[in-house]
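> Just passing along the structure, written as structure tokens.
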Amino acid sequence: MYHRPGDKGKTVAYIVPRKNSSDDRPLIGILSPSTPVLAEKRFIGPDLDNPVIPGSAAARASTPFEFEDEIVATTDPSDPTKVTELPPDPRKPGSGQRDYFELLRRLQLLAGKDMTFHVLRKDGSPTEPVKITVPPEFHNTLGGVMTMGEVTMVRKGSPAEKAGIQKTQLGKGKGNKELEGDYIEQVEVTEADGSTTRYTAEPGKAGVGSDKVKEVQLDPLRLPDQLRQWAQGLTDKKVVDPKRWKVKLVVKRQNPPPSGGGNRQFDKKTVELDWDNDWQFDRIEPYSKDSAQAIPELGLGYQVSAIVSAVDPAFGDLGDDGLRPKDVIKEINYKALTDDKGKEKEGDWEAIEPHQWAYASRLVQSPSVREVYLKVNRDGKEVSLTLTPKKMTDWPLAQRGLLLAQDKRLQKATDFFDAIGLGLRDTYDTVMELFIGLRSMATGGVSVKKSLGGPLLIGTIAYQYASIDFWEFLFFIGMISINLAVINFLPIPVLDGGHMVFLLYELVRGKPASENVRVGATYVGLLFILGLFVFVLYLDITRIFFRSG
């Protein structure tokens with residue numbers, strides 16, 4: 001359900017939150033959009049002097065971007081020699097806001113090319129838009145071509161569903177597969193000039209029978225972009241023949257398991273899917289560990305295995321210092337730029353399950369990443385690798401490192417009494433969110449280690465807020481006060497909530513609890529509070545001063 005301030009809610013969909021074993025909290029799988037306005041300093045933090053990712057194409061722009069710059073015009077994809085204005089946002093008529101989704105469309109269509117932005121400064125100086133040229137951004141690669149995993153997603157009504165693509169079907173047992181999804185082994189398309197491009201796991205072994213067939217190594221991470229570039233070629237050549245807009249897949253498909261049990265049986269199937277170009281600007285990103293790599297135009301998503309299938313020839317033979325075929329990546333970490341002055345910081349080690357490389361690959365796509373550390377299983381032994389990501393100039397990225405503001409609406413009070421009402425509603429929402437969070441931690445819905453913080457973390461965050469904006473700092477202090485008030489009223493002896501429990505007991509029984517009960521409960525409550533304090537202090541110390549792994 002969604003609603004605008006003052007309007008009644010409108011139900012658009014029922015979504016059941018998902019929480020896999022690798023998720024810290026339940027997810028519904030959507031993110032709020034941004035706006036064509038660069039983020040405010042207070043939301044970025046003290047480390048960055050400009051609202052761009054360090055090391056990105058936007059950081060190498062002809063003129064630096066500034067906080068709260070409004071993007072009013074960009075290079076026009078239909079005529080790259082021109083700069084045209086972004087249209088008004090049709091979802092917010094009369095607001096003066098530009099269309100963020102048109103900006104995304106232009107970024108995608110101009111991937112791999114220089115792009116000019118016209119921005120208006122917040123302070124109005126100069127009064128005319130500032131012209132900023134940004135070079136293209138490209139994907140990082142570590143030199144390994146990963147192994148294709150099984151299809152786990154098929155969108156309803158999509159070309160994949162109509163063609164009968166089989167996705168993973170789980171049985172009754174936890175994590176038990178009743179039927180595996182299709183494994184894509186080969187992809188074939190017809191180019192605008194009539195030639196054929198074939199993406200295969202083993203190029204050169206598929207029996208090329210014509211000079212018009214070009215074989216390419218099947219890379220599950222690159223495949224969505226390669227197919228999108230193929231479709232763009234058909235668009236540029238104005239190909240209208242529907243047969244040219246077909247994608248032929250050769251898949252390995254598991255047969256339904258026999259009723260009496262037995263070994264799994266697989267067959268090879270050739271299926272032909274329509275390419276639905278209406279989904280070309282749909283953004284599906286692997287934000288969680290169990291996410292699939294999606295091809296929106298086909299309506300399917302597949303896992304990417306953390307097993308190296310081949311080595312990119314562009315890296316050459318790195319021997320023991322690089323990835324090798326059959327390496328199994330078990331853990332990943334990286335070092336990245338954290339500010340505009342070249343300061344670097346190492347992240348945390350993350351364990352990677354065999355099907356989670358789509359997520360892991362996304363971690364190293366940030367242009368700020370300078371080194372990637374891997375722990376791999378090679379011939380039964382653990383090997384540690386330090387790799388320097390390489391830019392693939394034939395694999396452009398649509399995003400160029402701009403940090404955009406979230407699309408939010410500021411609701412202002414009309415008078416003093418309305419302000420009191422808004423404050424009370426906000427306080428109520430904060431209290432309810434805290435109770436829901438405590439319940440989720442108690443039931444295992446969210447990670448306790450990642451949700452709790454102690455005095456050191458509170459001090460660190462308070463310092464960050466204070467260095468950005470006084471009013472944000474004041475709001476943070478108010479939120480901490482509400483949290484303390486809620487915790488204080490939990491039914492724990494020693495706290496006010498515990499005293500309330502004893503008073504209710506006295507009201508019901510007509511006499512107070514015995515002194516031994518009250519003393520014993522007080523000691524139990526005190527031990528609990530002290531234990532909790534030591535625990536959150538331990539979390540703070542490990543979180544702030546140490547790195548796991």
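Convention: chains lettered A, B, ... in structure tokens order; per-chain residue numbering from 1; ligands numbered from 1 as shown.
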DSSP on the backbone: what in segment 11-248 of chain A comes out strand (DSSP E or B), as a VMD selection string?
chain A and resid 18 27 34 to 38 52 70 to 76 79 to 85 88 98 115 to 120 130 to 134 137 to 141 144 to 154 169 to 170 177 to 179 183 to 190 196 to 200 213 to 217 246 to 248
> Show me, as number ranges by chain, the residues that have an atom within 7 Å of Leu218 of chain A when counting only C-alpha atoms, minus same-chain residues fewer than 6 positions from it.
A: 199-201
> Within 12 Å of Glu382 of chain A, counting only C-alpha atoms, which residues show up once you throw out same-chain ones fewer than 4 positions away? Write them as a list of chain:residue names, please.
A:Asp327, A:Val328, A:Ile329, A:Lys330, A:Glu331, A:Leu374, A:Lys375, A:Val376, A:Asn377, A:Arg378
> Let me make sure I understand: among A:Asn483, A:Met146, A:Pro286, A:Gln232, which one has the smallest atom-to-atom distance to Thr427 of chain A if we use only C-alpha atoms?
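Answer, going by the shortest atom-to-atom distance: A:Asn483.
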> Select, from A:Val304, A:Leu495, A:Lys237, A:Tyr183, the residue with the minimum atom-to-atom distance to Ile352 of chain A, counting only C-alpha atoms.
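Answer, going by the shortest atom-to-atom distance: A:Val304.
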> With distances taken over only C-alpha atoms, which of A:Phe65, A:Leu530, A:Gly421, A:Gly322 is nearest to Glu40 of chain A?
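Closest to Glu40 of chain A, using only C-alpha atoms: A:Phe65.
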> Find the residue from A:Gly143, A:Ile44, A:His499, A:Arg518 that sits nearest to Pro313 of chain A; use only C-alpha atoms when measuring.
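For Pro313 of chain A, the nearest of the given residues is A:Gly143.
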> Atom CA of Gln226 of chain A and atom CA of Gln186 of chain A are how many Å apart?
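Interatomic distance here is 13.5 Å.
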> Which residues are close to Thr63 of chain A, i.e. within 12 Å by only C-alpha atoms, leaving aside same-chain residues fewer than 4 positions away? Reply as a VMD selection string.
chain A and resid 50 57 to 59 116 to 119 130 to 135
> According to DSSP computed on the backbone, where in segment 28-81 of chain A is there alpha helix (DSSP H)? Give the residues as a VMD selection string.
chain A and resid 41 to 44
> I want to know what sits within 9 Å of segment 103-105 of chain A, based on only C-alpha atoms, with residues of the same chain fewer than 4 positions away left out; could you give that as a list of chain:residue names?
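Contacts, with the query itself left out: A:Pro36, A:Ile71, A:Ala73, A:Thr74, A:Pro77, A:Leu86, A:Arg98, A:Asp99, A:Leu109, A:Leu110, A:Phe281, A:Ala398, A:Gln399.
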> Could you give me, as JSON, numbers by chain, the residues within 10 Å of Met441 of chain A, counting only C-alpha atoms and dropping anything in the same chain fewer than 5 positions from it?
{"A": [25, 435, 436, 446, 447, 448, 449, 451, 452]}
> Suppose we keep C-alpha atoms; can you now write the selection as a PDB file, in the first residue's frame?

ATOM      1  CA  ARG A  25      16.574  -8.960   7.530  1.00  0.00           C
ATOM      2  CA  PHE A 435       9.262  -2.543  19.140  1.00  0.00           C
ATOM      3  CA  ILE A 436       9.088  -4.296  15.765  1.00  0.00           C
ATOM      4  CA  VAL A 446      16.986  -9.681  11.796  1.00  0.00           C
ATOM      5  CA  SER A 447      20.618 -10.130  12.773  1.00  0.00           C
ATOM      6  CA  VAL A 448      21.283  -9.196  16.417  1.00  0.00           C
ATOM      7  CA  LYS A 449      24.982  -8.514  15.773  1.00  0.00           C
ATOM      8  CA  SER A 451      21.285  -4.397  14.587  1.00  0.00           C
ATOM      9  CA  LEU A 452      22.639  -3.584  18.049  1.00  0.00           C
TER      10      LEU A 452
END
> Which polymer residues have any atom within 10 Å of an atom of Leu456 of chain A, counting only C-alpha atoms, with same-chain residues fewer than 6 positions away left out, as a ChimeraX atom specification?
/A:462,536-541,543-544
> What is the atom CA of Glu150 of chain A to atom CA of Gln169 of chain A distance in Å?
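About the pair atom CA of Glu150 of chain A and atom CA of Gln169 of chain A: they are 11.1 Å apart.
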> Find the distance between atom CA of Pro87 of chain A and atom CA of Phe101 of chain A and write it in Å to one decimal.
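Atom CA of Phe101 of chain A lies 10.1 Å from atom CA of Pro87 of chain A.
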